[in-house]
file model23.tsv (TSV, C-alpha atoms)
chain	number	residue	atom	x	y	z
A	1309	MET	CA	-10.22	32.39	-11.44
A	1310	ALA	CA	-6.48	31.96	-11.58
A	1311	GLU	CA	-6.76	28.85	-9.46
A	1312	ALA	CA	-9.28	27.28	-11.77
A	1313	ALA	CA	-7.08	28.07	-14.74
A	1314	ALA	CA	-4.12	26.52	-13.03
A	1315	PHE	CA	-6.08	23.32	-12.49
A	1316	SER	CA	-6.59	22.98	-16.18
A	1317	GLN	CA	-2.88	22.52	-16.78
A	1318	THR	CA	-1.47	19.29	-15.56
A	1319	THR	CA	1.73	19.29	-17.57
A	1320	GLY	CA	4.13	21.79	-19.00
A	1321	THR	CA	6.47	24.34	-17.57
A	1322	ILE	CA	5.98	26.77	-14.77
A	1323	PRO	CA	4.70	29.85	-16.49
A	1324	LEU	CA	5.78	32.63	-14.15
A	1325	GLY	CA	8.13	33.48	-11.37
A	1326	ARG	CA	11.74	32.99	-10.36
A	1327	ARG	CA	13.86	30.20	-11.74
A	1328	THR	CA	17.23	29.02	-10.66
A	1329	PRO	CA	19.74	30.83	-12.87
A	1330	VAL	CA	21.78	27.89	-14.19
A	1331	ASP	CA	19.93	24.72	-13.38
A	1332	SER	CA	16.65	24.37	-15.24
A	1333	GLN	CA	15.12	22.63	-12.19
A	1334	PRO	CA	13.23	25.12	-10.03
A	1335	ASP	CA	13.94	24.77	-6.33
A	1336	ASP	CA	11.50	23.31	-3.86
A	1337	ALA	CA	10.55	26.62	-2.27
A	1338	PHE	CA	9.56	28.02	-5.64
A	1339	LEU	CA	7.58	24.93	-6.57
A	1340	VAL	CA	5.87	24.83	-3.19
A	1341	ALA	CA	4.93	28.49	-3.50
A	1342	ARG	CA	3.49	27.88	-6.96
A	1343	ALA	CA	1.66	24.76	-5.82
A	1344	ARG	CA	0.20	26.59	-2.83
A	1345	ALA	CA	-1.19	29.11	-5.29
A	1346	GLY	CA	-2.98	26.27	-7.04
A	1347	ASP	CA	-0.43	25.47	-9.75
A	1348	VAL	CA	-0.90	21.77	-10.44
A	1349	ALA	CA	2.06	21.67	-12.83
A	1350	ALA	CA	4.33	22.84	-10.03
A	1351	PHE	CA	2.88	20.22	-7.74
A	1352	GLU	CA	3.48	17.59	-10.40
A	1353	GLN	CA	7.17	18.50	-10.39
A	1354	LEU	CA	7.24	18.06	-6.63
A	1355	TYR	CA	5.48	14.73	-7.11
A	1356	ARG	CA	8.02	13.57	-9.74
A	1357	GLN	CA	10.91	14.52	-7.47
A	1358	ASN	CA	9.53	12.76	-4.41
A	1359	VAL	CA	7.34	9.88	-5.52
A	1360	GLY	CA	10.13	7.31	-5.42
A	1361	ARG	CA	10.92	7.98	-1.80
A	1362	ALA	CA	7.29	7.98	-0.73
A	1363	TYR	CA	6.61	4.76	-2.61
A	1364	ALA	CA	9.67	3.04	-1.16
A	1365	LEU	CA	8.51	3.86	2.35
A	1366	CYS	CA	4.94	2.72	1.66
A	1367	LEU	CA	6.11	-0.48	0.00
A	1368	ARG	CA	8.53	-1.45	2.72
A	1369	MET	CA	6.09	-0.70	5.49
A	1370	THR	CA	3.18	-2.56	3.88
A	1371	ALA	CA	4.96	-5.29	1.88
A	1372	ASP	CA	2.02	-4.96	-0.50
A	1373	PRO	CA	2.74	-3.28	-3.87
A	1374	ALA	CA	-0.89	-2.54	-4.75
A	1375	LEU	CA	-1.61	-1.05	-1.34
A	1376	ALA	CA	1.66	0.88	-1.48
A	1377	GLU	CA	0.57	2.47	-4.75
A	1378	GLU	CA	-2.74	3.55	-3.26
A	1379	LEU	CA	-1.09	4.93	-0.15
A	1380	THR	CA	1.49	6.80	-2.22
A	1381	GLN	CA	-1.31	8.53	-4.07
A	1382	GLU	CA	-2.97	9.29	-0.76
A	1383	VAL	CA	0.29	10.84	0.48
A	1384	PHE	CA	0.35	13.35	-2.37
A	1385	VAL	CA	-3.34	14.14	-2.12
A	1386	ARG	CA	-2.85	14.74	1.61
A	1387	ALA	CA	0.21	16.89	0.86
A	1388	TRP	CA	-1.79	18.97	-1.61
A	1389	GLN	CA	-4.47	19.52	1.01
A	1390	LYS	CA	-1.92	20.50	3.65
A	1391	LEU	CA	0.37	22.62	1.52
A	1392	LYS	CA	-0.82	25.79	3.22
A	1393	THR	CA	0.45	24.42	6.55
A	1394	PHE	CA	3.96	23.82	5.17
A	1395	ARG	CA	6.10	26.58	6.69
A	1396	GLY	CA	9.38	25.65	5.09
A	1397	ASN	CA	11.05	24.97	8.43
A	1398	SER	CA	12.19	21.65	7.02
A	1399	ALA	CA	12.82	20.44	3.50
A	1400	PHE	CA	9.70	19.63	1.52
A	1401	ALA	CA	10.94	16.04	1.19
A	1402	THR	CA	11.19	15.72	4.97
A	1403	TRP	CA	7.73	17.17	5.48
A	1404	LEU	CA	6.31	14.86	2.84
A	1405	HIS	CA	8.06	11.87	4.35
A	1406	ARG	CA	6.36	12.48	7.66
A	1407	ILE	CA	3.02	12.65	5.89
A	1408	ALA	CA	3.82	9.32	4.23
A	1409	VAL	CA	4.54	7.67	7.57
A	1410	ASN	CA	1.29	9.03	8.98
A	1411	VAL	CA	-0.70	7.84	5.97
A	1412	VAL	CA	0.66	4.30	6.30
A	1413	LEU	CA	0.11	4.16	10.04
A	1414	SER	CA	-3.35	5.65	9.73
A	1415	GLU	CA	-4.33	3.08	7.13
A	1416	ARG	CA	-3.01	0.35	9.38
A	1417	ARG	CA	-5.03	1.54	12.35
A	1418	THR	CA	-8.15	1.69	10.21
A	1419	ARG	CA	-7.46	-1.76	8.85
A	1420	SER	CA	-6.86	-3.16	12.29
A	1421	ARG	CA	-10.15	-1.78	13.47
A	1422	ARG	CA	-12.00	-3.26	10.58
A	1423	ALA	CA	-9.96	-6.45	10.60
A	1424	ALA	CA	-11.03	-6.64	7.01
A	1425	ARG	CA	-7.69	-7.32	5.45
A	1426	ILE	CA	-4.92	-9.71	6.31
A	1427	THR	CA	-1.45	-9.08	4.94
A	1428	THR	CA	0.52	-12.25	4.58
A	1429	THR	CA	4.14	-12.05	5.58
A	1430	ASP	CA	5.40	-14.55	3.03
A	1431	ASP	CA	4.27	-12.82	-0.14
A	1432	VAL	CA	7.80	-12.37	-1.37
A	1433	ALA	CA	6.90	-12.57	-5.04
A	1434	ALA	CA	4.66	-9.55	-4.68
A	1435	LEU	CA	7.46	-7.51	-3.16
A	1436	ASN	CA	9.93	-8.44	-5.87
A	1437	ALA	CA	7.99	-6.80	-8.66
A	1438	PRO	CA	8.73	-3.13	-7.95
A	1439	ALA	CA	12.17	-3.74	-6.52
A	1440	PRO	CA	15.28	-2.85	-8.52
A	1441	PRO	CA	16.68	-5.48	-10.88
A	1442	PRO	CA	18.31	-8.31	-8.92
A	1443	THR	CA	21.86	-7.25	-9.59
A	1444	HIS	CA	22.83	-7.18	-5.94
A	1445	GLY	CA	22.09	-10.42	-4.12
A	1446	VAL	CA	22.39	-9.09	-0.59
A	1447	ARG	CA	20.04	-6.22	-1.31
A	1448	ILE	CA	17.32	-8.48	-2.70
A	1449	ASP	CA	17.75	-10.90	0.18
A	1450	LEU	CA	17.27	-8.11	2.68
A	1451	GLU	CA	14.19	-6.76	0.87
A	1452	GLU	CA	12.67	-10.23	0.83
A	1453	ALA	CA	13.46	-10.91	4.45
A	1454	LEU	CA	12.08	-7.50	5.38
A	1455	ALA	CA	8.79	-8.27	3.66
A	1456	ARG	CA	8.45	-11.44	5.72
A	1457	LEU	CA	8.81	-9.74	9.08
A	1458	PRO	CA	5.80	-9.40	11.36
A	1459	GLU	CA	4.16	-6.03	10.79
A	1460	GLY	CA	5.21	-4.37	14.05
A	1461	ALA	CA	8.83	-5.42	13.75
A	1462	ARG	CA	8.94	-4.44	10.09
A	1463	THR	CA	7.53	-1.00	10.82
A	1464	VAL	CA	10.11	-0.18	13.46
A	1465	PHE	CA	12.99	-1.62	11.45
A	1466	VAL	CA	12.05	0.41	8.37
A	1467	LEU	CA	11.60	3.59	10.34
A	1468	HIS	CA	14.75	3.18	12.45
A	1469	ASP	CA	17.33	1.37	10.35
A	1470	VAL	CA	16.23	2.29	6.83
A	1471	GLU	CA	14.75	5.75	7.30
A	1472	GLY	CA	16.83	6.88	10.25
A	1473	TYR	CA	14.17	7.87	12.76
A	1474	ARG	CA	14.99	7.60	16.46
A	1475	HIS	CA	13.02	5.60	18.95
A	1476	HIS	CA	11.36	8.60	20.57
A	1477	GLU	CA	10.24	9.80	17.15
A	1478	ILE	CA	8.89	6.36	16.26
A	1479	ALA	CA	7.11	6.22	19.59
A	1480	ALA	CA	5.49	9.59	18.93
A	1481	MET	CA	4.39	8.60	15.43
A	1482	THR	CA	3.10	5.13	16.22
A	1483	GLY	CA	1.78	5.63	19.73
A	1484	MET	CA	3.90	2.81	21.09
A	1485	ALA	CA	6.22	3.20	24.08
A	1486	VAL	CA	9.91	3.84	23.46
A	1487	GLY	CA	10.70	0.52	25.11
A	1488	THR	CA	8.30	-1.25	22.76
A	1489	SER	CA	9.95	0.40	19.79
A	1490	LYS	CA	13.34	-0.83	20.94
A	1491	ALA	CA	12.02	-4.32	21.61
A	1492	GLN	CA	10.46	-4.47	18.14
A	1493	LEU	CA	13.71	-3.30	16.57
A	1494	HIS	CA	15.73	-5.94	18.38
A	1495	ARG	CA	13.20	-8.56	17.38
A	1496	ALA	CA	13.34	-7.45	13.76
A	1497	ARG	CA	17.11	-7.51	13.71
A	1498	ARG	CA	17.20	-10.96	15.29
A	1499	LEU	CA	14.72	-12.34	12.76
A	1500	LEU	CA	16.56	-10.73	9.86
A	1501	ARG	CA	19.94	-12.04	10.99
A	1502	GLU	CA	18.48	-15.52	11.18
A	1503	ALA	CA	16.86	-15.16	7.76
A	1504	LEU	CA	20.00	-13.84	6.10
A	1505	ARG	CA	22.46	-16.40	7.48
B	1234	MET	CA	31.28	-9.11	33.03
B	1235	SER	CA	28.09	-9.51	31.02
B	1236	THR	CA	26.69	-12.87	30.04
B	1237	CYS	CA	25.55	-13.83	26.55
B	1238	ASN	CA	21.94	-14.02	27.73
B	1239	GLU	CA	22.07	-10.37	28.71
B	1240	MET	CA	23.75	-9.39	25.51
B	1241	GLU	CA	21.09	-9.01	22.84
B	1242	GLY	CA	19.58	-5.75	24.00
B	1243	ARG	CA	22.92	-4.28	25.06
B	1244	LEU	CA	24.60	-5.37	21.86
B	1245	ASN	CA	21.92	-3.60	19.85
B	1246	ASP	CA	22.37	-0.47	21.93
B	1247	TYR	CA	26.14	-0.85	21.58
B	1248	VAL	CA	26.09	-0.91	17.78
B	1249	ASP	CA	23.59	1.96	17.82
B	1250	GLY	CA	26.01	3.94	19.98
B	1251	THR	CA	23.47	4.66	22.68
B	1252	LEU	CA	25.29	3.11	25.66
B	1253	SER	CA	27.18	5.09	28.25
B	1254	GLU	CA	30.94	4.84	28.15
B	1255	ALA	CA	31.01	2.48	31.12
B	1256	GLU	CA	28.32	0.26	29.60
B	1257	ALA	CA	30.12	0.22	26.28
B	1258	GLN	CA	33.35	-0.83	27.98
B	1259	SER	CA	31.49	-3.64	29.70
B	1260	VAL	CA	30.15	-4.87	26.37
B	1261	GLU	CA	33.60	-4.63	24.77
B	1262	ALA	CA	35.08	-6.66	27.62
B	1263	HIS	CA	32.53	-9.38	26.95
B	1264	LEU	CA	33.11	-9.26	23.21
B	1265	GLY	CA	36.81	-9.72	23.80
B	1266	SER	CA	36.20	-13.10	25.32
B	1267	CYS	CA	33.11	-14.33	23.46
B	1268	PRO	CA	33.39	-15.36	19.80
B	1269	ALA	CA	29.63	-15.95	19.52
B	1270	CYS	CA	28.80	-12.42	20.59
B	1271	ARG	CA	31.53	-11.04	18.35
B	1272	ARG	CA	29.90	-12.86	15.45
B	1273	ALA	CA	26.52	-11.47	16.49
B	1274	GLU	CA	28.01	-7.99	16.58
B	1275	GLY	CA	29.39	-8.46	13.07
B	1276	GLU	CA	26.02	-9.64	11.79
B	1277	LEU	CA	24.27	-6.70	13.41
B	1278	ARG	CA	26.65	-4.17	11.92
B	1279	ALA	CA	26.36	-5.79	8.48
B	1280	LEU	CA	22.57	-5.78	8.74
B	1281	ILE	CA	22.41	-2.14	9.73
B	1282	ALA	CA	24.83	-1.19	6.96
B	1283	GLY	CA	22.69	-3.15	4.51
B	1284	ALA	CA	19.54	-1.37	5.65
B	1285	GLU	CA	21.20	2.01	5.33
B	1286	ALA	CA	22.38	1.09	1.83
B	1287	LEU	CA	18.92	0.14	0.57
B	1288	PRO	CA	17.77	2.52	-2.16
B	1289	LYS	CA	15.82	5.36	-0.65
B	1290	ALA	CA	13.60	5.58	-3.71
B	1291	LEU	CA	11.80	2.86	-5.65
B	1292	VAL	CA	9.90	3.43	-8.85
B	1293	PRO	CA	6.27	2.32	-8.87
B	1294	GLU	CA	5.35	0.00	-11.72
B	1295	ARG	CA	2.80	2.46	-13.05
B	1296	ASP	CA	2.53	6.22	-13.13
B	1297	LEU	CA	0.54	7.21	-10.06
B	1298	TRP	CA	0.23	10.87	-11.02
B	1299	PRO	CA	-3.03	10.54	-13.00
B	1300	GLY	CA	-4.72	9.19	-9.89
B	1301	VAL	CA	-3.34	12.02	-7.78
B	1302	VAL	CA	-4.23	14.82	-10.16
B	1303	GLY	CA	-7.68	13.34	-10.72
B	1304	ARG	CA	-8.38	13.48	-7.03
B	1305	ILE	CA	-7.05	16.97	-6.41
B	1306	GLN	CA	-8.88	18.34	-9.42
B	1307	GLY	CA	-12.00	16.58	-8.19
B	1308	GLU	CA	-11.43	18.30	-4.86
B	1309	ALA	CA	-11.25	21.66	-6.60
B	1310	ARG	CA	-14.54	21.03	-8.30
B	1311	SER	CA	-16.48	19.48	-5.45
B	1312	GLY	CA	-14.68	20.70	-2.35
B	1313	THR	CA	-13.93	17.16	-1.25
B	1314	VAL	CA	-11.32	14.59	-2.17
B	1315	ARG	CA	-12.68	11.38	-3.50
B	1316	ARG	CA	-11.12	8.19	-2.27
B	1317	PRO	CA	-9.68	6.22	-5.19
B	1318	PHE	CA	-12.27	3.79	-6.36
B	1319	THR	CA	-9.98	0.79	-6.19
B	1320	GLN	CA	-9.31	1.64	-2.58
B	1321	THR	CA	-12.99	1.80	-1.87
B	1322	ILE	CA	-13.41	-1.53	-3.56
B	1323	ARG	CA	-10.60	-3.11	-1.59
B	1324	ARG	CA	-11.81	-1.81	1.72
B	1325	ARG	CA	-15.54	-2.01	1.41
B	1326	VAL	CA	-16.90	-3.70	-1.65
B	1327	LEU	CA	-14.80	-6.86	-1.66
B	1328	PRO	CA	-15.64	-7.89	1.90
B	1329	PHE	CA	-19.22	-6.87	1.17
B	1330	ALA	CA	-19.19	-8.90	-2.03
B	1331	ALA	CA	-18.00	-11.97	-0.18
B	1332	ALA	CA	-20.69	-11.53	2.45
B	1333	VAL	CA	-23.35	-10.93	-0.16
B	1334	ALA	CA	-22.26	-14.00	-2.09
B	1335	VAL	CA	-22.84	-16.11	0.98
B	1336	THR	CA	-26.16	-14.40	1.70
B	1337	VAL	CA	-27.29	-14.74	-1.86
B	1338	ALA	CA	-26.37	-18.39	-1.90
B	1339	ALA	CA	-28.28	-18.99	1.33
B	1340	LEU	CA	-31.33	-17.07	0.15
B	1341	TYR	CA	-31.41	-18.70	-3.25
B	1342	ALA	CA	-31.07	-22.06	-1.57
B	1343	VAL	CA	-34.22	-21.63	0.51
B	1344	ALA	CA	-36.15	-19.15	-1.58
B	1345	VAL	CA	-38.95	-20.03	-3.85
B	1346	TRP	CA	-39.11	-18.31	-7.21
B	1347	ARG	CA	-40.18	-14.67	-6.82
B	1348	THR	CA	-40.89	-14.82	-3.10
B	1349	PRO	CA	-39.67	-11.81	-1.04
B	1350	GLY	CA	-36.57	-13.78	-0.03
B	1351	TYR	CA	-35.72	-14.48	-3.63
B	1352	VAL	CA	-36.29	-10.87	-4.65
B	1353	LYS	CA	-33.96	-9.66	-1.90
B	1354	ALA	CA	-31.28	-12.11	-2.96
B	1355	GLU	CA	-31.56	-10.91	-6.52
B	1356	ALA	CA	-31.40	-7.24	-5.43
B	1357	ASP	CA	-28.32	-7.85	-3.27
B	1358	PHE	CA	-26.66	-9.72	-6.07
B	1359	MET	CA	-27.36	-7.08	-8.69
B	1360	ARG	CA	-26.10	-4.26	-6.43
B	1361	THR	CA	-22.84	-6.07	-5.73
B	1362	ARG	CA	-22.46	-6.97	-9.38
B	1363	ALA	CA	-22.90	-3.33	-10.40
B	1364	GLN	CA	-20.26	-2.19	-7.91
B	1365	LEU	CA	-17.78	-4.78	-9.09
B	1366	LEU	CA	-18.40	-3.94	-12.74
B	1367	ALA	CA	-17.86	-0.26	-11.98
B	1368	ALA	CA	-14.60	-1.14	-10.23
B	1369	ILE	CA	-13.44	-3.11	-13.24
B	1370	GLU	CA	-14.36	-0.29	-15.55
B	1371	ALA	CA	-12.48	2.18	-13.36
B	1372	ARG	CA	-9.31	0.16	-13.65
B	1373	GLY	CA	-9.90	-0.83	-17.24
B	1374	GLU	CA	-6.66	0.76	-18.40
B	1375	ARG	CA	-4.73	-1.68	-16.25
B	1376	LEU	CA	-6.24	-4.75	-17.90
B	1377	SER	CA	-4.61	-5.97	-21.06
B	1378	PRO	CA	-6.95	-5.86	-24.09
B	1379	GLY	CA	-6.90	-9.66	-24.33
B	1380	THR	CA	-7.84	-10.02	-20.69
B	1381	ALA	CA	-10.63	-7.48	-20.97
B	1382	GLN	CA	-12.04	-9.37	-23.96
B	1383	THR	CA	-11.81	-12.68	-22.11
B	1384	VAL	CA	-13.59	-11.26	-19.08
B	1385	GLN	CA	-16.32	-9.74	-21.23
B	1386	ALA	CA	-16.75	-13.00	-23.16
B	1387	ASN	CA	-17.11	-14.95	-19.92
B	1388	LEU	CA	-19.61	-12.46	-18.57
B	1389	ARG	CA	-21.65	-12.79	-21.76
B	1390	VAL	CA	-21.64	-16.60	-21.44
B	1391	ILE	CA	-22.78	-16.31	-17.84
B	1392	ASP	CA	-25.47	-13.77	-18.72
B	1393	ASP	CA	-26.76	-16.04	-21.48
B	1394	ALA	CA	-26.86	-18.95	-19.05
B	1395	VAL	CA	-28.73	-16.86	-16.48
B	1396	GLN	CA	-31.32	-15.83	-19.06
B	1397	GLU	CA	-31.85	-19.43	-20.15
B	1398	ILE	CA	-32.21	-20.64	-16.59
B	1399	ARG	CA	-34.62	-17.85	-15.72
B	1400	ALA	CA	-36.71	-18.74	-18.76
B	1401	ALA	CA	-36.71	-22.37	-17.65
B	1402	ILE	CA	-37.81	-21.36	-14.15
B	1403	GLU	CA	-40.67	-19.33	-15.62
B	1404	ASP	CA	-41.87	-22.53	-17.26
B	1405	ASP	CA	-41.23	-24.69	-14.21
B	1406	PRO	CA	-41.23	-22.42	-11.12
B	1407	ASP	CA	-41.44	-25.27	-8.62
B	1408	ASN	CA	-38.30	-27.00	-9.81
B	1409	PRO	CA	-35.68	-26.59	-7.03
B	1410	ARG	CA	-32.87	-27.81	-9.27
B	1411	LEU	CA	-33.31	-24.85	-11.60
B	1412	VAL	CA	-33.09	-22.38	-8.71
B	1413	ARG	CA	-29.93	-24.09	-7.48
B	1414	MET	CA	-28.54	-23.91	-10.99
B	1415	LEU	CA	-29.27	-20.20	-11.11
B	1416	MET	CA	-27.58	-19.75	-7.75
B	1417	ALA	CA	-24.46	-21.58	-8.93
B	1418	THR	CA	-24.30	-19.46	-12.09
B	1419	ARG	CA	-24.67	-16.24	-10.12
B	1420	GLN	CA	-21.93	-17.43	-7.78
B	1421	LYS	CA	-19.60	-18.04	-10.74
B	1422	GLU	CA	-20.26	-14.54	-12.00
B	1423	LEU	CA	-19.44	-13.00	-8.62
B	1424	ASP	CA	-16.31	-15.14	-8.33
B	1425	LEU	CA	-15.14	-13.96	-11.74
B	1426	LEU	CA	-15.77	-10.30	-10.97
B	1427	VAL	CA	-14.11	-10.49	-7.56
B	1428	ALA	CA	-11.09	-12.23	-9.10
B	1429	VAL	CA	-10.68	-9.47	-11.69
B	1430	VAL	CA	-10.97	-6.70	-9.12
B	1431	ARG	CA	-8.51	-8.41	-6.79
B	1432	THR	CA	-5.90	-8.94	-9.47
B	1433	PRO	CA	-3.16	-6.45	-8.56
B	1434	GLN	CA	-1.36	-6.44	-11.91
B	1435	PRO	CA	-2.60	-6.61	-15.48
B	1436	ILE	CA	-3.77	-10.15	-16.08
B	1437	GLY	CA	-1.78	-11.79	-18.82
B	1438	ALA	CA	1.00	-9.21	-18.63
B	1439	ALA	CA	4.50	-10.47	-19.08
B	1440	PRO	CA	6.15	-11.29	-15.75

call {"tool": "encode", "arguments": {"input": "model23.tsv", "output": "structure tokens"}}
result
Amino acid sequence: MAEAAAFSQTTGTIPLGRRTPVDSQPDDAFLVARARAGDVAAFEQLYRQNVGRAYALCLRMTADPALAEELTQEVFVRAWQKLKTFRGNSAFATWLHRIAVNVVLSERRTRSRRAARITTTDDVAALNAPAPPPTHGVRIDLEEALARLPEGARTVFVLHDVEGYRHHEIAAMTGMAVGTSKAQLHRARRLLREALR
Amino acid sequence: MSTCNEMEGRLNDYVDGTLSEAEAQSVEAHLGSCPACRRAEGELRALIAGAEALPKALVPERDLWPGVVGRIQGEARSGTVRRPFTQTIRRRVLPFAAAVAVTVAALYAVAVWRTPGYVKAEADFMRTRAQLLAAIEARGERLSPGTAQTVQANLRVIDDAVQEIRAAIEDDPDNPRLVRMLMATRQKELDLLVAVVRTPQPIGAAP
């Protein structure tokens, strides 16, 4: 089976098909098409191009580096499973980003139900590890303050002010009312302003 | 004219650009006469600009691809995607281990050597121990060699102690102090295993 053969290769170049004429990087549509056909090497290229963005979202929304790593892996496994539903109406990165948000929120709902895990909001040291080198004081301060926010406020702040979603989109993704999303954003901003003074 | 107490929500909407023209003019009129709210507006705009300037991508400390490809290749073989073992451990085994540790301690405390209660406590302990050991093995590559050796050495010491205590109990089965000693040793073993599994980064790695 071609699919089985494709699974045996996890590295290397894309063996067949169209390539961009000048740039050696194949475009997303080509990689997605190859990955949908079972080409793991193509999917790995999509992973390499997008893992940083998915991890940043997971890390900022969870404030837990180890959990963020697990969720990032879950995002790409979920994307692999759903590749056949990707119609190309949006960029692959946008589609993947929405999956990442859903994975984080889904994990949170499961965790809330089980009440088996408590995320502290003052674990700043844990957040520092994967962050960029502390060359920009304001940036590090904001990352630290963000990690200390209550979970609901942090979620809305990350989605709205960092990732650029609108309140009605956040409401649709999280199941909260638009008014609640706005209230959480205002709360997050107030707490962050106080923390950063 | 708006008051400062009414300002927070409207100021947020103002900097987000979601107010009507009339509402925006009302806010601007207030800002023109209120230094505190002007300062708040400046802080809000700086905060939003800072959030927008945060890097959109962060690099994980380890390569996550092996875990991804392992799961999707496992899916191809079995038709299902396995949950990463560490995730299973975090979600299910660790809380279970904590509960079992308490149960085991309680059962050991009241059980007499080789009664049904004691046998159940031993069985629960051994099952949890096996799960934790499997979890440690699964993440073995993330433990530094020195740490792995230290953990193994400690486990050997504990195992030796358990064997000696069990031998002593065989000779003196009615001695409650020996059973309590066994319980304490088992507890130390569980504590060690749980600590290793919970450690998010390689133990002993440079900060």

call {"tool": "atom_distance", "arguments": {"input": "model23.tsv", "atom1": "atom CA of Ala1362 of chain A", "atom2": "atom CA of Lys1490 of chain A"}}
result
24.2 Å

call {"tool": "closest_atom_pairs", "arguments": {"input": "model23.tsv", "of": "chain B", "to": "chain A", "cutoff": "6 Å", "atoms": "only C-alpha atoms", "output": "JSON lines"}}
result
{"residue": "B:Ala1284", "atom": "CA", "partner": "A:Val1470", "partner_atom": "CA", "distance": 5.1}
{"residue": "B:Glu1285", "atom": "CA", "partner": "A:Val1470", "partner_atom": "CA", "distance": 5.2}
{"residue": "B:Lys1289", "atom": "CA", "partner": "A:Arg1361", "partner_atom": "CA", "distance": 5.7}
{"residue": "B:Ala1290", "atom": "CA", "partner": "A:Arg1361", "partner_atom": "CA", "distance": 4.1}
{"residue": "B:Leu1291", "atom": "CA", "partner": "A:Gly1360", "partner_atom": "CA", "distance": 4.8}
{"residue": "B:Val1292", "atom": "CA", "partner": "A:Gly1360", "partner_atom": "CA", "distance": 5.2}
{"residue": "B:Glu1294", "atom": "CA", "partner": "A:Pro1438", "partner_atom": "CA", "distance": 6.0}
{"residue": "B:Val1301", "atom": "CA", "partner": "A:Gln1381", "partner_atom": "CA", "distance": 5.5}
{"residue": "B:Pro1433", "atom": "CA", "partner": "A:Ala1374", "partner_atom": "CA", "distance": 5.9}

call {"tool": "closest_residue", "arguments": {"input": "model23.tsv", "among": "B:Ile1398, B:Leu1415, B:Val1427, B:Thr1383", "to": "Ala1368 of chain B", "atoms": "all atoms listed in the file"}}
result
B:Val1427

call {"tool": "atom_distance", "arguments": {"input": "model23.tsv", "atom1": "atom CA of Leu1411 of chain B", "atom2": "atom CA of Val1395 of chain B"}}
result
10.4 Å

call {"tool": "atom_distance", "arguments": {"input": "model23.tsv", "atom1": "atom CA of Gln1353 of chain A", "atom2": "atom CA of Leu1339 of chain A"}}
result
7.5 Å

call {"tool": "residues_around", "arguments": {"input": "model23.tsv", "residues": "segment 1260-1271 of chain B", "least_positions_apart": "2", "cutoff": "8 Å", "atoms": "all atoms listed in the file", "output": "ChimeraX atom specification"}}
result
/B:1234-1237,1240,1243-1244,1247,1256-1258,1273-1275

call {"tool": "write_last_selection", "arguments": {"input": "model23.tsv", "atoms": "C-alpha atoms", "output": "compact mmCIF listing (two decimals), keeping the file's coordinate frame"}}
result
# COMPACT_ATOMS: atom_id res chain seq x y z
CA MET B 1234 31.28 -9.11 33.03
CA SER B 1235 28.09 -9.51 31.02
CA THR B 1236 26.69 -12.87 30.04
CA CYS B 1237 25.55 -13.83 26.55
CA MET B 1240 23.75 -9.39 25.51
CA ARG B 1243 22.92 -4.28 25.06
CA LEU B 1244 24.60 -5.37 21.86
CA TYR B 1247 26.14 -0.85 21.58
CA GLU B 1256 28.32 0.26 29.60
CA ALA B 1257 30.12 0.22 26.28
CA GLN B 1258 33.35 -0.83 27.98
CA ALA B 1273 26.52 -11.47 16.49
CA GLU B 1274 28.01 -7.99 16.58
CA GLY B 1275 29.39 -8.46 13.07

call {"tool": "axis_aligned_box", "arguments": {"input": "model23.tsv", "around": "segment 1381-1399 of chain B", "padding_each_side": "6 Å", "output": "lines of an AutoDock Vina configuration file"}}
result
center_x = -22.6
center_y = -14.1
center_z = -19.8
size_x = 36.0
size_y = 25.2
size_z = 20.2

call {"tool": "closest_residue", "arguments": {"input": "model23.tsv", "among": "B:Asn1245, B:Thr1251, B:Gln1306, B:Thr1418", "to": "Glu1397 of chain B", "atoms": "only C-alpha atoms"}}
result
B:Thr1418
